[in-house]
Amino acid sequence: MVSKQKILIVDDDSNISNLISLYLEKECFETITVEDGESALEEFKKFSPDLILLDLMLPGIDGYEVCREIRKTSTTPIIMLSAKGEIFDKVLGLELGADDYIIKPFDTKELIARVKAVLRRYRTVPENTNPVTTKNDTVVYPDLEINQTNYSVIYQGKSLDMPPKELELLYFLASSPNQVFTREQLLENIWGYEYIGDTRTVDVHVKRLREKLSTSQYWSISTVWGIGYKFELKANSI
């Protein structure tokens, strides 16, 4: 028998969490609901969910802090739920490591679709890759090793701390050197759905990657003006 995927629902409004749970269980997911941030962190350790639906406005520890704490030890997918629709709030949530951001009120069918999309993306490795060297979900260049299995990055012999989405973006670009991707393509492939909103989140993540990986003689993350970005190999360097 195939085990059900488990989803932890964190929302202080029991009506909303119970409704979400009902719809998810109809789709054959196993769910648990909690109403505050502290309980969310405790239940996360016990329940070991495959995905977390996380409200931002929680009593005690808010959703941002819950996300931050979980990301210290886990890459479990997180979808944030919030009545806050400002671009700043979305970007902040994504920067902290959320995989998606849904604005309340939302359509339950869309929520289910987003959940399934994020879970698909979490299990999928980018296709049509052509890196210098690959092994076990790892991309290797002379001064860079990106391991998407254990979410580690070794740059110029040193281990780098990198949030999950930054690492996934770097892995995706480095897996297809010299190939240009639009911001929309990067959003769809990294965040796992057809994103409708501000593409600035891609720019933010690229900026952070460049700050951490700024001195390689072999490659660079280049801007293709009016289009997007590419992982560019420097001539005669590899």
# chains A, B, ... in the order shown; residues from 1 in each chain; ligands from 1
call {"tool": "residues_around", "arguments": {"residues": "segment 44-52 of chain A", "least_positions_apart": "5", "cutoff": "8 Å", "atoms": "only C-alpha atoms", "output": "tab-separated table (two decimals) with N, CA and C atoms, in the first residue's frame"}}
result
chain	number	residue	atom	x	y	z
A	5	GLN	N	0.79	11.08	1.53
A	5	GLN	CA	1.65	12.22	1.83
A	5	GLN	C	1.02	13.04	2.96
A	6	LYS	N	1.86	13.54	3.84
A	6	LYS	CA	1.39	14.20	5.06
A	6	LYS	C	1.56	15.70	4.96
A	7	ILE	N	0.52	16.42	5.37
A	7	ILE	CA	0.55	17.88	5.30
A	7	ILE	C	0.20	18.46	6.67
A	8	LEU	N	1.06	19.33	7.15
A	8	LEU	CA	0.83	20.05	8.40
A	8	LEU	C	0.19	21.40	8.08
A	9	ILE	N	-0.99	21.66	8.64
A	9	ILE	CA	-1.73	22.90	8.41
A	9	ILE	C	-1.62	23.77	9.65
A	10	VAL	N	-1.10	24.96	9.48
A	10	VAL	CA	-0.88	25.87	10.61
A	10	VAL	C	-1.69	27.14	10.38
A	76	THR	N	11.85	20.77	3.86
A	76	THR	CA	10.44	20.43	3.64
A	76	THR	C	9.71	21.60	2.99
A	77	PRO	N	8.95	21.36	1.91
A	77	PRO	CA	8.26	22.45	1.22
A	77	PRO	C	7.30	23.21	2.15
A	78	ILE	N	7.28	24.52	2.01
A	78	ILE	CA	6.40	25.38	2.80
A	78	ILE	C	5.62	26.30	1.87
A	79	ILE	N	4.30	26.30	2.02
A	79	ILE	CA	3.45	27.26	1.32
A	79	ILE	C	2.89	28.22	2.36
A	115	VAL	N	-0.51	22.92	-3.96
A	115	VAL	CA	0.08	21.88	-3.11
A	115	VAL	C	0.68	20.78	-3.97
A	119	LEU	N	4.73	19.80	-4.45
A	119	LEU	CA	5.18	18.44	-4.16
A	119	LEU	C	5.82	17.80	-5.39
call {"tool": "select_by_dssp", "arguments": {"residues": "segment 33-166 of chain A", "states": "strand (DSSP E or B)", "output": "number ranges by chain"}}
result
A: 33-34, 51-55, 78-82, 100-103, 133-134, 138-141, 144-147, 152-155, 158-160
call {"tool": "residues_around", "arguments": {"residues": "Val202 of chain A", "least_positions_apart": "3", "cutoff": "12 Å", "atoms": "only C-alpha atoms", "output": "MDAnalysis selection string"}}
result
chainID A and resid 91 94:95 165:166 168:170 181:191 195 197:199 205:209 223 228:229
call {"tool": "write_last_selection", "arguments": {"atoms": "N, CA and C atoms", "output": "mmCIF file, in the first residue's frame"}}
result
data_model
loop_
_atom_site.group_PDB
_atom_site.id
_atom_site.type_symbol
_atom_site.label_atom_id
_atom_site.label_comp_id
_atom_site.auth_asym_id
_atom_site.auth_seq_id
_atom_site.Cartn_x
_atom_site.Cartn_y
_atom_site.Cartn_z
ATOM 1 N N VAL A 91 7.917 38.707 -1.203
ATOM 2 C CA VAL A 91 9.354 38.547 -1.398
ATOM 3 C C VAL A 91 10.029 38.106 -0.103
ATOM 4 N N LEU A 94 9.386 34.418 0.450
ATOM 5 C CA LEU A 94 10.178 33.594 -0.462
ATOM 6 C C LEU A 94 11.654 33.616 -0.099
ATOM 7 N N GLU A 95 12.134 34.764 0.336
ATOM 8 C CA GLU A 95 13.539 34.869 0.737
ATOM 9 C C GLU A 95 13.839 34.021 1.969
ATOM 10 N N LYS A 165 15.939 27.838 -1.788
ATOM 11 C CA LYS A 165 15.597 28.362 -3.100
ATOM 12 C C LYS A 165 16.807 28.947 -3.817
ATOM 13 N N GLU A 166 17.734 29.532 -3.086
ATOM 14 C CA GLU A 166 18.970 30.005 -3.712
ATOM 15 C C GLU A 166 19.738 28.820 -4.288
ATOM 16 N N GLU A 168 18.568 25.847 -5.158
ATOM 17 C CA GLU A 168 17.853 25.256 -6.284
ATOM 18 C C GLU A 168 17.994 26.101 -7.546
ATOM 19 N N LEU A 169 17.981 27.417 -7.379
ATOM 20 C CA LEU A 169 18.174 28.303 -8.529
ATOM 21 C C LEU A 169 19.580 28.132 -9.100
ATOM 22 N N LEU A 170 20.587 28.101 -8.233
ATOM 23 C CA LEU A 170 21.961 27.914 -8.682
ATOM 24 C C LEU A 170 22.122 26.564 -9.370
ATOM 25 N N PHE A 181 17.622 31.682 -19.515
ATOM 26 C CA PHE A 181 16.285 31.443 -18.978
ATOM 27 C C PHE A 181 15.634 32.781 -18.660
ATOM 28 N N THR A 182 14.365 32.925 -19.029
ATOM 29 C CA THR A 182 13.629 34.122 -18.637
ATOM 30 C C THR A 182 13.304 34.048 -17.158
ATOM 31 N N ARG A 183 12.944 35.187 -16.575
ATOM 32 C CA ARG A 183 12.540 35.193 -15.169
ATOM 33 C C ARG A 183 11.309 34.324 -14.956
ATOM 34 N N GLU A 184 10.390 34.357 -15.908
ATOM 35 C CA GLU A 184 9.176 33.549 -15.797
ATOM 36 C C GLU A 184 9.509 32.056 -15.808
ATOM 37 N N GLN A 185 10.460 31.653 -16.667
ATOM 38 C CA GLN A 185 10.860 30.248 -16.700
ATOM 39 C C GLN A 185 11.505 29.824 -15.387
ATOM 40 N N LEU A 186 12.321 30.698 -14.826
ATOM 41 C CA LEU A 186 12.969 30.377 -13.552
ATOM 42 C C LEU A 186 11.953 30.268 -12.427
ATOM 43 N N LEU A 187 10.975 31.171 -12.412
ATOM 44 C CA LEU A 187 9.920 31.095 -11.401
ATOM 45 C C LEU A 187 9.154 29.786 -11.518
ATOM 46 N N GLU A 188 8.817 29.419 -12.738
ATOM 47 C CA GLU A 188 8.019 28.207 -12.942
ATOM 48 C C GLU A 188 8.801 26.963 -12.546
ATOM 49 N N ASN A 189 10.087 26.922 -12.906
ATOM 50 C CA ASN A 189 10.883 25.734 -12.637
ATOM 51 C C ASN A 189 11.344 25.633 -11.192
ATOM 52 N N ILE A 190 11.664 26.748 -10.564
ATOM 53 C CA ILE A 190 12.187 26.701 -9.201
ATOM 54 C C ILE A 190 11.079 26.727 -8.168
ATOM 55 N N TRP A 191 10.069 27.557 -8.423
ATOM 56 C CA TRP A 191 8.982 27.673 -7.438
ATOM 57 C C TRP A 191 7.845 26.704 -7.739
ATOM 58 N N TYR A 195 3.899 31.176 -11.966
ATOM 59 C CA TYR A 195 3.807 32.288 -11.018
ATOM 60 C C TYR A 195 3.126 33.490 -11.647
ATOM 61 N N GLY A 197 2.648 37.252 -10.762
ATOM 62 C CA GLY A 197 3.043 38.281 -9.818
ATOM 63 C C GLY A 197 4.350 38.919 -10.206
ATOM 64 N N ASP A 198 5.043 39.454 -9.230
ATOM 65 C CA ASP A 198 6.271 40.203 -9.444
ATOM 66 C C ASP A 198 7.449 39.257 -9.642
ATOM 67 N N THR A 199 8.169 39.389 -10.770
ATOM 68 C CA THR A 199 9.341 38.560 -11.022
ATOM 69 C C THR A 199 10.566 39.068 -10.270
ATOM 70 N N HIS A 205 17.081 36.818 -5.625
ATOM 71 C CA HIS A 205 17.852 35.601 -5.401
ATOM 72 C C HIS A 205 19.158 35.609 -6.204
ATOM 73 N N VAL A 206 19.110 36.118 -7.438
ATOM 74 C CA VAL A 206 20.329 36.202 -8.244
ATOM 75 C C VAL A 206 21.328 37.154 -7.597
ATOM 76 N N LYS A 207 20.840 38.274 -7.091
ATOM 77 C CA LYS A 207 21.722 39.233 -6.425
ATOM 78 C C LYS A 207 22.430 38.579 -5.244
ATOM 79 N N ARG A 208 21.695 37.806 -4.464
ATOM 80 C CA ARG A 208 22.293 37.144 -3.304
ATOM 81 C C ARG A 208 23.319 36.100 -3.727
ATOM 82 N N LEU A 209 23.029 35.372 -4.813
ATOM 83 C CA LEU A 209 23.984 34.391 -5.311
ATOM 84 C C LEU A 209 25.273 35.071 -5.762
ATOM 85 N N THR A 223 23.580 38.434 -16.647
ATOM 86 C CA THR A 223 22.285 39.000 -17.034
ATOM 87 C C THR A 223 22.228 39.108 -18.558
ATOM 88 N N GLY A 228 16.670 37.570 -19.307
ATOM 89 C CA GLY A 228 16.760 36.904 -18.012
ATOM 90 C C GLY A 228 18.199 36.661 -17.611
ATOM 91 N N TYR A 229 18.521 35.393 -17.265
ATOM 92 C CA TYR A 229 19.837 35.070 -16.736
ATOM 93 C C TYR A 229 20.366 33.772 -17.332
#
call {"tool": "closest_residue", "arguments": {"among": "A:Val204, A:Ile227, A:Leu24, A:Ala40", "to": "Phe88 of chain A", "atoms": "only C-alpha atoms"}}
result
A:Val204
call {"tool": "closest_residue", "arguments": {"among": "A:Asn150, A:Ser175, A:Ser74, A:Asp100", "to": "Ala113 of chain A", "atoms": "only C-alpha atoms"}}
result
A:Asp100
call {"tool": "atom_distance", "arguments": {"atom1": "atom CA of Ser14 of chain A", "atom2": "atom CA of Cys67 of chain A"}}
result
20.3 Å
call {"tool": "residues_around", "arguments": {"residues": "segment 212-216 of chain A", "least_positions_apart": "2", "cutoff": "10 Å", "atoms": "only C-alpha atoms", "output": "count of residues only"}}
result
18
